[in-house]
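Dumped model_21.cif below, it's mmCIF, C-alpha atoms and all ligand atoms:
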```cif
data_start
#
loop_
_atom_site.label_atom_id
_atom_site.label_comp_id
_atom_site.auth_asym_id
_atom_site.auth_seq_id
_atom_site.Cartn_x
_atom_site.Cartn_y
_atom_site.Cartn_z
CA MET A 775 6.21 -2.98 -39.57
CA THR A 776 3.49 -5.43 -38.56
CA SER A 777 0.10 -3.90 -37.89
CA THR A 778 -1.19 -4.27 -34.34
CA PRO A 779 -4.67 -3.91 -32.90
CA TYR A 780 -2.99 -1.88 -30.15
CA PRO A 781 -1.18 1.01 -31.84
CA VAL A 782 1.00 2.94 -29.41
CA PRO A 783 1.70 6.65 -29.88
CA ALA A 784 5.24 7.99 -29.61
CA ARG A 785 4.41 10.59 -26.99
CA MET A 786 1.98 11.06 -24.12
CA THR A 787 0.97 13.60 -21.50
CA ALA A 788 1.94 12.36 -18.03
CA ILE A 789 1.80 14.05 -14.64
CA ALA A 790 5.28 15.07 -13.51
CA ILE A 791 6.71 16.67 -10.37
CA ARG A 792 7.91 20.12 -11.51
CA ALA A 793 9.91 20.69 -8.31
CA PRO A 794 9.58 19.47 -4.72
CA GLY A 795 6.57 21.14 -3.08
CA GLY A 796 2.81 21.16 -2.52
CA PRO A 797 0.18 19.44 -4.68
CA GLU A 798 0.41 22.28 -7.25
CA VAL A 799 3.84 21.03 -8.41
CA LEU A 800 2.07 18.07 -10.07
CA VAL A 801 1.82 19.29 -13.67
CA PRO A 802 1.09 17.78 -17.09
CA GLU A 803 4.24 17.17 -19.10
CA GLU A 804 4.75 15.64 -22.52
CA ARG A 805 6.99 12.57 -22.40
CA PRO A 806 7.96 9.75 -24.77
CA VAL A 807 5.88 6.60 -24.33
CA PRO A 808 8.28 4.15 -22.61
CA ALA A 809 9.35 1.01 -24.45
CA PRO A 810 9.15 -2.34 -22.65
CA GLY A 811 12.56 -3.94 -22.07
CA PRO A 812 13.28 -7.65 -21.66
CA GLY A 813 10.65 -9.31 -19.46
CA GLU A 814 8.53 -6.17 -19.40
CA ILE A 815 5.05 -5.29 -20.65
CA LEU A 816 3.71 -1.94 -21.80
CA VAL A 817 0.33 -1.21 -20.22
CA LYS A 818 -2.22 1.26 -21.57
CA VAL A 819 -3.17 2.65 -18.18
CA GLU A 820 -6.84 3.01 -17.33
CA ALA A 821 -6.35 3.86 -13.66
CA ALA A 822 -3.48 4.49 -11.25
CA GLY A 823 -3.56 4.26 -7.46
CA VAL A 824 -2.43 7.17 -5.28
CA ASN A 825 -0.29 6.20 -2.30
CA ARG A 826 1.20 8.09 0.60
CA PRO A 827 4.72 7.43 -0.73
CA ASP A 828 3.73 9.45 -3.86
CA VAL A 829 3.12 12.41 -1.56
CA ALA A 830 6.54 11.90 0.05
CA GLN A 831 8.12 11.71 -3.42
CA ARG A 832 6.36 14.92 -4.48
CA LYS A 833 7.77 16.69 -1.42
CA GLY A 834 11.27 15.50 -2.33
CA HIS A 835 11.55 13.05 0.61
CA TYR A 836 11.31 9.77 -1.31
CA PRO A 837 13.36 9.85 -4.52
CA PRO A 838 12.72 7.11 -7.09
CA PRO A 839 15.27 4.28 -6.89
CA PRO A 840 17.99 4.21 -9.60
CA GLY A 841 16.54 3.36 -13.00
CA ALA A 842 12.91 4.07 -11.99
CA PRO A 843 10.90 6.75 -13.85
CA ASP A 844 10.66 10.16 -12.16
CA ILE A 845 6.92 10.25 -12.95
CA PRO A 846 5.06 9.28 -9.73
CA GLY A 847 2.67 6.33 -9.44
CA LEU A 848 3.38 2.92 -7.92
CA GLU A 849 0.39 0.87 -9.11
CA ILE A 850 -1.64 0.69 -12.29
CA ALA A 851 -4.41 -1.21 -14.04
CA GLY A 852 -5.02 -1.39 -17.76
CA THR A 853 -4.48 -3.36 -20.94
CA VAL A 854 -1.27 -4.96 -22.21
CA VAL A 855 -0.44 -3.27 -25.55
CA ALA A 856 3.17 -4.40 -26.14
CA CYS A 857 5.51 -7.06 -24.78
CA GLY A 858 9.28 -6.77 -24.46
CA GLU A 859 11.73 -9.50 -25.40
CA GLY A 860 10.98 -12.74 -23.57
CA ALA A 861 7.83 -11.41 -21.91
CA THR A 862 5.39 -14.27 -22.49
CA ARG A 863 3.19 -14.32 -19.42
CA PHE A 864 0.50 -12.02 -20.85
CA ALA A 865 -1.00 -11.60 -24.32
CA LEU A 866 -1.81 -8.29 -26.00
CA GLY A 867 -5.24 -7.19 -24.81
CA ASP A 868 -5.01 -8.87 -21.38
CA ARG A 869 -6.27 -6.79 -18.45
CA VAL A 870 -3.62 -6.53 -15.74
CA MET A 871 -2.95 -4.79 -12.45
CA ALA A 872 0.70 -4.17 -11.69
CA LEU A 873 3.19 -2.87 -9.18
CA VAL A 874 5.63 -0.39 -10.73
CA ALA A 875 8.62 1.49 -9.29
CA GLY A 876 7.21 4.73 -10.78
CA GLY A 877 5.53 6.07 -13.89
CA GLY A 878 1.91 5.23 -13.02
CA TYR A 879 0.53 8.77 -13.42
CA ALA A 880 0.58 8.43 -17.21
CA PRO A 881 -1.42 6.99 -20.11
CA TYR A 882 1.25 4.33 -20.73
CA CYS A 883 3.50 2.64 -18.20
CA VAL A 884 6.01 -0.21 -18.29
CA ALA A 885 5.80 -3.00 -15.71
CA HIS A 886 7.83 -6.16 -15.22
CA GLU A 887 5.59 -9.04 -16.24
CA SER A 888 6.34 -10.81 -12.95
CA HIS A 889 4.98 -7.80 -11.04
CA ALA A 890 1.57 -7.99 -12.73
CA LEU A 891 -1.51 -10.07 -12.02
CA PRO A 892 -4.59 -10.64 -14.16
CA VAL A 893 -7.56 -8.47 -13.16
CA PRO A 894 -10.22 -10.72 -11.63
CA ASP A 895 -13.59 -10.63 -13.42
CA GLY A 896 -16.02 -8.08 -12.09
CA LEU A 897 -13.39 -5.60 -10.94
CA SER A 898 -13.36 -2.10 -12.47
CA ALA A 899 -10.08 -0.56 -13.61
CA ALA A 900 -10.19 1.84 -10.66
CA GLU A 901 -10.68 -1.02 -8.19
CA ALA A 902 -7.90 -3.03 -9.82
CA ALA A 903 -5.50 -0.07 -9.69
CA ALA A 904 -6.20 0.24 -5.95
CA ILE A 905 -4.89 -3.25 -5.23
CA PRO A 906 -1.20 -3.90 -6.06
CA GLU A 907 0.74 -1.60 -3.69
CA THR A 908 -1.55 -2.27 -0.72
CA LEU A 909 -1.95 -6.00 -1.35
CA PHE A 910 1.75 -6.69 -1.80
CA THR A 911 2.77 -4.47 1.13
CA VAL A 912 0.23 -6.09 3.45
CA TRP A 913 0.94 -9.59 2.22
CA HIS A 914 4.66 -9.30 2.73
CA ASN A 915 4.67 -7.41 6.02
CA VAL A 916 1.71 -9.03 7.78
CA PHE A 917 1.93 -12.60 6.53
CA GLU A 918 5.48 -13.27 5.28
CA ARG A 919 7.51 -11.01 7.56
CA GLY A 920 4.99 -10.77 10.42
CA GLY A 921 3.93 -14.43 10.18
CA LEU A 922 0.28 -13.80 11.11
CA LYS A 923 -1.61 -17.02 11.82
CA ALA A 924 -5.27 -17.84 12.40
CA GLY A 925 -6.31 -17.17 15.98
CA GLU A 926 -3.67 -14.48 16.57
CA THR A 927 -4.48 -10.81 17.19
CA LEU A 928 -3.22 -8.11 14.81
CA LEU A 929 -3.08 -4.42 15.73
CA VAL A 930 -3.13 -2.19 12.62
CA HIS A 931 -2.33 1.48 13.06
CA GLY A 932 -4.07 3.67 10.47
CA GLY A 933 -6.88 1.15 9.99
CA SER A 934 -8.80 3.35 7.54
CA SER A 935 -5.81 3.93 5.24
CA GLY A 936 -5.41 2.18 1.91
CA ILE A 937 -2.96 -0.19 3.61
CA GLY A 938 -5.10 -0.55 6.73
CA THR A 939 -8.33 -1.40 4.91
CA MET A 940 -6.53 -4.17 3.02
CA ALA A 941 -4.86 -5.43 6.21
CA ILE A 942 -8.18 -5.69 8.05
CA GLN A 943 -9.81 -7.70 5.27
CA LEU A 944 -6.90 -10.08 4.75
CA ALA A 945 -6.30 -10.69 8.44
CA LYS A 946 -9.98 -11.49 8.94
CA ALA A 947 -10.09 -13.67 5.84
CA PHE A 948 -7.20 -15.72 7.26
CA GLY A 949 -8.81 -16.13 10.68
CA ALA A 950 -7.08 -13.50 12.83
CA ARG A 951 -8.60 -11.07 15.31
CA VAL A 952 -8.08 -7.42 14.37
CA ILE A 953 -7.71 -4.25 16.43
CA VAL A 954 -7.20 -0.94 14.62
CA THR A 955 -6.42 2.65 15.44
CA ALA A 956 -7.99 5.50 13.45
CA GLY A 957 -8.45 9.23 13.93
CA SER A 958 -12.25 9.68 14.02
CA ALA A 959 -15.49 7.92 14.97
CA GLU A 960 -16.42 7.73 11.27
CA LYS A 961 -13.13 6.03 10.42
CA CYS A 962 -13.52 3.63 13.35
CA ASP A 963 -17.03 2.73 12.11
CA ALA A 964 -15.70 2.08 8.60
CA CYS A 965 -13.03 -0.24 10.03
CA ARG A 966 -15.62 -2.17 12.07
CA LYS A 967 -17.82 -2.56 8.98
CA LEU A 968 -14.83 -4.08 7.20
CA GLY A 969 -14.48 -6.65 9.96
CA ALA A 970 -12.25 -5.04 12.62
CA ASP A 971 -13.16 -6.52 16.01
CA VAL A 972 -12.06 -3.43 17.94
CA ALA A 973 -11.48 0.11 16.63
CA VAL A 974 -9.67 2.63 18.82
CA ASN A 975 -10.07 6.36 18.13
CA TYR A 976 -6.48 7.31 18.93
CA ARG A 977 -7.40 10.97 19.35
CA GLU A 978 -9.67 10.11 22.29
CA GLN A 979 -8.48 6.76 23.59
CA ASP A 980 -5.15 5.26 24.61
CA PHE A 981 -4.46 2.40 22.23
CA VAL A 982 -2.21 0.61 24.73
CA ALA A 983 -4.94 0.49 27.38
CA GLU A 984 -7.62 -0.46 24.83
CA THR A 985 -5.44 -3.20 23.35
CA LYS A 986 -4.72 -4.65 26.78
CA ALA A 987 -8.43 -4.50 27.64
CA ALA A 988 -9.37 -6.29 24.42
CA THR A 989 -6.83 -9.09 25.01
CA ASN A 990 -7.43 -9.79 28.72
CA GLY A 991 -4.18 -8.01 29.49
CA ALA A 992 -2.09 -10.27 27.26
CA GLY A 993 -1.35 -7.78 24.45
CA VAL A 994 -1.35 -8.36 20.70
CA THR A 995 0.72 -10.92 18.83
CA LEU A 996 1.47 -8.71 15.81
CA ILE A 997 1.51 -4.96 15.15
CA LEU A 998 1.61 -3.31 11.70
CA ASP A 999 2.92 0.20 12.31
CA MET A 1000 3.09 3.13 9.90
CA VAL A 1001 3.37 5.85 12.56
CA GLY A 1002 6.65 5.43 14.49
CA GLY A 1003 7.74 8.23 16.86
CA ASP A 1004 6.31 7.69 20.33
CA TYR A 1005 4.27 4.74 18.98
CA ILE A 1006 7.45 2.66 19.02
CA GLU A 1007 7.64 2.44 22.80
CA ARG A 1008 3.84 2.22 23.09
CA ASN A 1009 3.85 -0.67 20.61
CA TYR A 1010 6.32 -2.48 22.87
CA GLU A 1011 3.82 -1.94 25.71
CA ALA A 1012 0.84 -3.13 23.62
CA ALA A 1013 2.63 -6.26 22.35
CA ALA A 1014 2.28 -9.70 23.93
CA VAL A 1015 5.24 -11.76 25.12
CA GLU A 1016 7.10 -12.90 21.96
CA GLY A 1017 5.06 -10.28 20.04
CA ARG A 1018 6.12 -9.13 16.58
CA ILE A 1019 6.14 -5.54 15.31
CA VAL A 1020 6.52 -4.74 11.61
CA GLN A 1021 7.40 -1.17 10.69
CA ILE A 1022 6.29 0.02 7.25
CA ALA A 1023 6.53 3.80 7.60
CA PHE A 1024 7.10 6.74 9.92
CA GLN A 1025 4.31 9.27 9.60
CA GLY A 1026 5.59 10.53 12.93
CA SER A 1027 9.31 10.74 13.58
CA PRO A 1028 11.69 7.98 12.48
CA LYS A 1029 13.64 8.73 15.65
CA ALA A 1030 12.55 8.02 19.21
CA THR A 1031 13.87 7.58 22.70
CA VAL A 1032 12.82 4.08 23.66
CA ASP A 1033 13.17 1.91 26.75
CA PHE A 1034 14.53 -1.19 25.05
CA ARG A 1035 14.27 -3.34 28.17
CA ARG A 1036 10.83 -4.43 26.96
CA ILE A 1037 12.45 -6.14 23.99
CA MET A 1038 14.36 -8.37 26.39
CA LEU A 1039 11.67 -8.82 29.01
CA LYS A 1040 8.95 -9.66 26.46
CA ARG A 1041 11.28 -11.26 23.91
CA LEU A 1042 9.86 -8.99 21.17
CA HIS A 1043 10.73 -9.05 17.47
CA HIS A 1044 10.83 -5.67 15.68
CA THR A 1045 11.39 -5.69 11.93
CA GLY A 1046 10.33 -3.69 8.87
CA SER A 1047 10.63 -3.37 5.13
CA THR A 1048 9.99 -1.14 2.16
CA LEU A 1049 8.67 -2.57 -1.09
CA ARG A 1050 9.87 -0.13 -3.73
CA ALA A 1051 13.59 -0.69 -3.28
CA ARG A 1052 13.36 -4.50 -3.37
CA SER A 1053 14.93 -6.44 -6.26
CA THR A 1054 12.87 -7.52 -9.27
CA ALA A 1055 13.10 -11.12 -8.05
CA ASP A 1056 12.01 -10.26 -4.49
CA LYS A 1057 8.98 -8.37 -5.77
CA ALA A 1058 8.14 -11.19 -8.18
CA ALA A 1059 8.13 -13.67 -5.29
CA ILE A 1060 5.83 -11.43 -3.23
CA VAL A 1061 3.48 -10.86 -6.20
CA ARG A 1062 3.32 -14.61 -6.94
CA ALA A 1063 2.58 -15.59 -3.34
CA ALA A 1064 0.05 -12.81 -2.77
CA GLY A 1065 -1.64 -13.58 -6.08
CA GLU A 1066 -1.99 -17.28 -5.29
CA ALA A 1067 -3.37 -16.62 -1.82
CA VAL A 1068 -5.56 -13.59 -2.42
CA LEU A 1069 -6.80 -13.52 -6.05
CA PRO A 1070 -9.35 -16.27 -5.26
CA LEU A 1071 -10.63 -14.19 -2.32
CA ILE A 1072 -10.95 -11.12 -4.55
CA ALA A 1073 -12.70 -13.15 -7.27
CA ALA A 1074 -15.11 -14.50 -4.65
CA GLY A 1075 -15.85 -10.95 -3.44
CA ARG A 1076 -14.45 -11.67 0.05
CA VAL A 1077 -11.70 -9.06 -0.33
CA ARG A 1078 -12.38 -5.80 -2.14
CA PRO A 1079 -10.43 -2.54 -2.26
CA VAL A 1080 -12.19 0.15 -0.26
CA MET A 1081 -12.66 3.00 -2.71
CA ASP A 1082 -12.59 6.56 -1.41
CA ARG A 1083 -12.66 8.74 -4.54
CA THR A 1084 -11.50 8.70 -8.15
CA PHE A 1085 -10.06 11.84 -9.77
CA PRO A 1086 -9.19 12.38 -13.45
CA LEU A 1087 -5.42 12.10 -14.05
CA ALA A 1088 -5.27 15.82 -14.84
CA GLU A 1089 -6.53 16.48 -11.28
CA ALA A 1090 -3.71 14.57 -9.57
CA ALA A 1091 -3.01 17.67 -7.46
CA ALA A 1092 -6.54 17.51 -6.01
CA ALA A 1093 -6.07 13.80 -5.32
CA HIS A 1094 -2.88 14.54 -3.37
CA ALA A 1095 -4.58 17.36 -1.47
CA ARG A 1096 -7.32 14.94 -0.44
CA MET A 1097 -4.79 12.38 0.75
CA GLU A 1098 -2.93 15.01 2.76
CA SER A 1099 -6.18 16.21 4.33
CA SER A 1100 -6.55 12.65 5.70
CA ALA A 1101 -10.29 12.96 5.08
CA HIS A 1102 -10.24 9.84 2.96
CA ILE A 1103 -11.19 6.30 3.93
CA GLY A 1104 -9.55 3.65 1.74
CA LYS A 1105 -8.04 4.27 -1.66
CA ILE A 1106 -7.76 7.34 -3.85
CA VAL A 1107 -7.39 6.55 -7.56
CA LEU A 1108 -6.68 8.49 -10.77
CA ALA A 1109 -8.72 7.63 -13.87
CA VAL A 1110 -6.55 7.93 -16.95
N1 LIG B 1201 6.96 -0.05 3.60
C1 LIG B 1201 6.29 -0.17 2.49
O1 LIG B 1201 6.62 -1.00 1.62
C2 LIG B 1201 5.09 0.70 2.23
C3 LIG B 1201 4.35 0.56 1.05
C4 LIG B 1201 3.22 1.35 0.87
C5 LIG B 1201 2.85 2.27 1.85
N2 LIG B 1201 3.62 2.38 2.97
C6 LIG B 1201 3.24 3.35 4.04
O2 LIG B 1201 2.02 2.91 4.60
C7 LIG B 1201 1.31 4.05 5.09
C8 LIG B 1201 -0.10 4.00 4.56
O3 LIG B 1201 -0.09 4.26 3.18
P1 LIG B 1201 -1.42 4.62 2.40
O4 LIG B 1201 -1.04 4.85 1.01
O5 LIG B 1201 -2.44 3.62 2.76
O6 LIG B 1201 -1.73 6.07 3.04
P2 LIG B 1201 -2.99 6.75 3.70
O7 LIG B 1201 -4.25 6.12 3.20
O8 LIG B 1201 -2.83 8.19 3.57
O9 LIG B 1201 -2.82 6.36 5.23
C9 LIG B 1201 -2.18 7.08 6.21
C10 LIG B 1201 -2.95 6.79 7.49
O10 LIG B 1201 -2.18 7.09 8.63
C11 LIG B 1201 -3.08 7.36 9.65
N3 LIG B 1201 -2.42 7.99 10.78
C12 LIG B 1201 -1.70 9.13 10.80
N4 LIG B 1201 -1.25 9.38 12.05
C13 LIG B 1201 -1.70 8.35 12.83
C14 LIG B 1201 -1.58 8.04 14.21
N5 LIG B 1201 -0.90 8.83 15.05
N6 LIG B 1201 -2.15 6.90 14.67
C15 LIG B 1201 -2.83 6.09 13.85
N7 LIG B 1201 -2.99 6.36 12.53
C16 LIG B 1201 -2.44 7.46 12.03
C17 LIG B 1201 -4.11 8.22 8.96
O11 LIG B 1201 -5.31 8.09 9.63
P3 LIG B 1201 -5.99 9.24 10.50
O12 LIG B 1201 -6.49 10.29 9.57
O13 LIG B 1201 -7.05 8.48 11.16
O14 LIG B 1201 -4.94 9.78 11.39
C18 LIG B 1201 -4.23 7.54 7.60
O15 LIG B 1201 -5.28 6.59 7.59
C19 LIG B 1201 2.06 5.28 4.62
O16 LIG B 1201 2.80 5.78 5.70
C20 LIG B 1201 2.96 4.75 3.54
O17 LIG B 1201 4.14 5.50 3.41
C21 LIG B 1201 4.71 1.62 3.19
#
```
Could I get this structure in the form of structure tokens?
Amino acid sequence: MTSTPYPVPARMTAIAIRAPGGPEVLVPEERPVPAPGPGEILVKVEAAGVNRPDVAQRKGHYPPPPGAPDIPGLEIAGTVVACGEGATRFALGDRVMALVAGGGYAPYCVAHESHALPVPDGLSAAEAAAIPETLFTVWHNVFERGGLKAGETLLVHGGSSGIGTMAIQLAKAFGARVIVTAGSAEKCDACRKLGADVAVNYREQDFVAETKAATNGAGVTLILDMVGGDYIERNYEAAAVEGRIVQIAFQGSPKATVDFRRIMLKRLHHTGSTLRARSTADKAAIVRAAGEAVLPLIAAGRVRPVMDRTFPLAEAAAAHARMESSAHIGKIVLAV
């Protein structure tokens, strides 16, 4: 045995999902520390981001893909403490932030080296852990799939969410105009402070009318939608001719009765994607492209995760309860 400056214990206490249910089913459980396989790194986790899909997983609606850990947690930040066979991108001791298919709510977590980025100087572990899932989701769906260009107008539903706050900053940084929807005056204010040109309180205003008013009747070129349900038809109304709509979730119903004539009359494009189920190579390509485009903006302080609150790992249940209350603005993080 060679001695290492980063000794790794055999076992750890992670947060597991005891059974599908409310936040209280998130319980500490002793587990073996995972071993990194070929191309993988073992990260000593300092912080893990909480995402809405974790809540869906906890309720039993979003099972981990085959081969992924059953421990929740899709993004982490920490220190590389072991490298699997052929993993050469990072050295022991490097600070990384990484996308993982599960296992983040734990003191140690394995990530594929191609799904990790170096933590830019000046970023805390909590801030770094708040980045991967939102950055890669927004990068892929807004820029790669949605094709957002400078001068176009993006409508982001859920502007104050973890995803939304990243979308606002990136769209502005790349020269687009941004309209958001959010559920309170406070959330609308937070979105405007981040750079949103127009914020629509969807509980009091009709986002279709407001979007038309803000675009001289033309409608928006791109919509990032996480709501679905009756928003699907209303998105078709709010979109410009040749407008694009990218679906990333259904917080409302995934089913709707829709008048599809608008697709023909406006020549709309409606697509969508989900990150977790993508292949290792697909994710690596997204991570590489997003890293090249956005790490310099993060390092320059032009893009920053919006931090709502950090909870200790042992209080993961409270973190989920906060997310489900929808009182938060930006990212909720667990400190490990
Ligand atoms: N496809 C993918 O690859 C992928 C990856 C990551 C996340 N996601 C999805 O992206 C969404 C955001 O994730 P997150 O982690 O950032 O969660 P989050 O912070 O909890 O965001 C959810 C947001 O939805 C908003 N919302 C709910 N109903 C709305 C409505 N009718 N109109 C407008 N906004 C509404 C909430 O705002 P109010 O309180 O203002 O209503 C809240 O800001 C989730 O649905 C998640 O599942 C998808």
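Separating atom N2 of ligand LIG 1201 (chain B) from CA of Val854 (chain A) is a distance of 26.7 Å.
With CA of Ala988 (chain A) on one side and CA of Met1081 (chain A) on the other, the separation reads 28.9 Å.
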Nearest to Pro1079 (chain A), chosen from A:Ala1092, A:Ala941, A:Ala1055, A:Gly1026, with only C-alpha atoms counted in the distances: A:Ala941
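Residues surrounding region 858-873 of chain A within 7 Å are Pro810, Gly811, Pro812, Gly813, Glu814, Ile815, Leu848, Glu849, Ile850, Ala851, Gly852, Thr853, Val854, Ala885, Glu887, His889, Ala890, Leu891, Pro892, Val893, Ala902, Ala903, Pro906 and Glu907 of chain A [all atoms listed in the file; sequence separation below 4 positions excluded].
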Mind dumping a table of every chain A residue within 6 Å of ligand LIG 1201 (chain B), with the nearest atom pair and its distance in Å to one decimal, using all atoms listed in the file, sorted by chain and rising number, as JSON lines?
```
{"residue": "A:Asn825", "atom": "CA", "partner": "B:LIG1201", "partner_atom": "O4", "distance": 3.7}
{"residue": "A:Arg826", "atom": "CA", "partner": "B:LIG1201", "partner_atom": "O4", "distance": 4.0}
{"residue": "A:Pro827", "atom": "CA", "partner": "B:LIG1201", "partner_atom": "O17", "distance": 4.6}
{"residue": "A:Glu907", "atom": "CA", "partner": "B:LIG1201", "partner_atom": "C4", "distance": 6.0}
{"residue": "A:Thr911", "atom": "CA", "partner": "B:LIG1201", "partner_atom": "O1", "distance": 5.2}
{"residue": "A:His931", "atom": "CA", "partner": "B:LIG1201", "partner_atom": "C15", "distance": 4.7}
{"residue": "A:Gly932", "atom": "CA", "partner": "B:LIG1201", "partner_atom": "N7", "distance": 3.6}
{"residue": "A:Ser934", "atom": "CA", "partner": "B:LIG1201", "partner_atom": "O15", "distance": 4.8}
{"residue": "A:Ser935", "atom": "CA", "partner": "B:LIG1201", "partner_atom": "O7", "distance": 3.4}
{"residue": "A:Gly936", "atom": "CA", "partner": "B:LIG1201", "partner_atom": "O5", "distance": 3.4}
{"residue": "A:Ile937", "atom": "CA", "partner": "B:LIG1201", "partner_atom": "O5", "distance": 3.9}
{"residue": "A:Thr955", "atom": "CA", "partner": "B:LIG1201", "partner_atom": "C15", "distance": 5.2}
{"residue": "A:Ala956", "atom": "CA", "partner": "B:LIG1201", "partner_atom": "O13", "distance": 3.9}
{"residue": "A:Gly957", "atom": "CA", "partner": "B:LIG1201", "partner_atom": "O13", "distance": 3.2}
{"residue": "A:Met1000", "atom": "CA", "partner": "B:LIG1201", "partner_atom": "O16", "distance": 5.0}
{"residue": "A:Val1001", "atom": "CA", "partner": "B:LIG1201", "partner_atom": "C14", "distance": 5.7}
{"residue": "A:Ile1022", "atom": "CA", "partner": "B:LIG1201", "partner_atom": "N1", "distance": 3.7}
{"residue": "A:Ala1023", "atom": "CA", "partner": "B:LIG1201", "partner_atom": "O16", "distance": 4.6}
{"residue": "A:Gln1025", "atom": "CA", "partner": "B:LIG1201", "partner_atom": "O16", "distance": 5.4}
{"residue": "A:Ser1047", "atom": "CA", "partner": "B:LIG1201", "partner_atom": "N1", "distance": 5.2}
{"residue": "A:Thr1048", "atom": "CA", "partner": "B:LIG1201", "partner_atom": "O1", "distance": 3.4}
{"residue": "A:Leu1049", "atom": "CA", "partner": "B:LIG1201", "partner_atom": "O1", "distance": 3.7}
{"residue": "A:Met1097", "atom": "CA", "partner": "B:LIG1201", "partner_atom": "O8", "distance": 5.4}
{"residue": "A:Ser1100", "atom": "CA", "partner": "B:LIG1201", "partner_atom": "O12", "distance": 4.5}
```
Length of the CA of Leu928 (chain A) to CA of Ser898 (chain A) vector [Å]: 29.7 Å
List as an mmCIF file with C-alpha atoms, in the frame of the given file the protein and nucleic acid residues near Ile1060 (chain A), meaning an atom at most 8 Å away when only C-alpha atoms are counted, but skip any in the same chain fewer than 5 places from it.
```
data_model
loop_
_atom_site.group_PDB
_atom_site.id
_atom_site.type_symbol
_atom_site.label_atom_id
_atom_site.label_comp_id
_atom_site.auth_asym_id
_atom_site.auth_seq_id
_atom_site.Cartn_x
_atom_site.Cartn_y
_atom_site.Cartn_z
ATOM 1 C CA PHE A 910 1.750 -6.690 -1.800
ATOM 2 C CA TRP A 913 0.940 -9.590 2.220
ATOM 3 C CA HIS A 914 4.660 -9.300 2.730
#
```
Residue contacts of Lys946 (chain A) (10 Å, all atoms listed in the file) excluding same-chain residues fewer than 3 positions away, as a PyMOL selection string: chain A and resi 924-925+927-928+941-943+949-952+968-971+1076-1077
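Remark: for Thr1031 (chain A), the closest of the candidate residues A:Ile1006, A:Ala1067, A:Ala964, A:Ala1090 is A:Ile1006 (distances computed over only C-alpha atoms).
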Residues near Pro838 (chain A), cut-off 12 Å, all atoms listed in the file, skip fewer than 2 positions along chain, as a PyMOL selection string: chain A and resi 791+827-828+830-832+834-836+840-848+874-877+1050-1051
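When all atoms listed in the file are used to compute distances to Leu909 (chain A), the closest of the residues A:Val982, A:Ile1072, A:Leu1042, A:Ile789 turns out to be A:Ile1072.
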Residue list as an mmCIF file with C-alpha atoms, in the coordinates of the input for point (-2.7, 8.0, -17.1), cut-off 12 Å, all atoms listed in the file:
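Output (out_11.cif):
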```
data_model
loop_
_atom_site.group_PDB
_atom_site.id
_atom_site.type_symbol
_atom_site.label_atom_id
_atom_site.label_comp_id
_atom_site.auth_asym_id
_atom_site.auth_seq_id
_atom_site.Cartn_x
_atom_site.Cartn_y
_atom_site.Cartn_z
ATOM 1 C CA MET A 786 1.980 11.060 -24.120
ATOM 2 C CA THR A 787 0.970 13.600 -21.500
ATOM 3 C CA ALA A 788 1.940 12.360 -18.030
ATOM 4 C CA ILE A 789 1.800 14.050 -14.640
ATOM 5 C CA ALA A 790 5.280 15.070 -13.510
ATOM 6 C CA PRO A 802 1.090 17.780 -17.090
ATOM 7 C CA GLU A 803 4.240 17.170 -19.100
ATOM 8 C CA GLU A 804 4.750 15.640 -22.520
ATOM 9 C CA ARG A 805 6.990 12.570 -22.400
ATOM 10 C CA VAL A 807 5.880 6.600 -24.330
ATOM 11 C CA VAL A 817 0.330 -1.210 -20.220
ATOM 12 C CA LYS A 818 -2.220 1.260 -21.570
ATOM 13 C CA VAL A 819 -3.170 2.650 -18.180
ATOM 14 C CA GLU A 820 -6.840 3.010 -17.330
ATOM 15 C CA ALA A 821 -6.350 3.860 -13.660
ATOM 16 C CA ALA A 822 -3.480 4.490 -11.250
ATOM 17 C CA GLY A 823 -3.560 4.260 -7.460
ATOM 18 C CA VAL A 824 -2.430 7.170 -5.280
ATOM 19 C CA ILE A 845 6.920 10.250 -12.950
ATOM 20 C CA PRO A 846 5.060 9.280 -9.730
ATOM 21 C CA GLY A 847 2.670 6.330 -9.440
ATOM 22 C CA GLU A 849 0.390 0.870 -9.110
ATOM 23 C CA ILE A 850 -1.640 0.690 -12.290
ATOM 24 C CA ALA A 851 -4.410 -1.210 -14.040
ATOM 25 C CA GLY A 852 -5.020 -1.390 -17.760
ATOM 26 C CA GLY A 877 5.530 6.070 -13.890
ATOM 27 C CA GLY A 878 1.910 5.230 -13.020
ATOM 28 C CA TYR A 879 0.530 8.770 -13.420
ATOM 29 C CA ALA A 880 0.580 8.430 -17.210
ATOM 30 C CA PRO A 881 -1.420 6.990 -20.110
ATOM 31 C CA TYR A 882 1.250 4.330 -20.730
ATOM 32 C CA CYS A 883 3.500 2.640 -18.200
ATOM 33 C CA ALA A 899 -10.080 -0.560 -13.610
ATOM 34 C CA ALA A 900 -10.190 1.840 -10.660
ATOM 35 C CA ALA A 903 -5.500 -0.070 -9.690
ATOM 36 C CA PHE A 1085 -10.060 11.840 -9.770
ATOM 37 C CA PRO A 1086 -9.190 12.380 -13.450
ATOM 38 C CA LEU A 1087 -5.420 12.100 -14.050
ATOM 39 C CA ALA A 1088 -5.270 15.820 -14.840
ATOM 40 C CA GLU A 1089 -6.530 16.480 -11.280
ATOM 41 C CA ALA A 1090 -3.710 14.570 -9.570
ATOM 42 C CA VAL A 1107 -7.390 6.550 -7.560
ATOM 43 C CA LEU A 1108 -6.680 8.490 -10.770
ATOM 44 C CA ALA A 1109 -8.720 7.630 -13.870
ATOM 45 C CA VAL A 1110 -6.550 7.930 -16.950
#
```
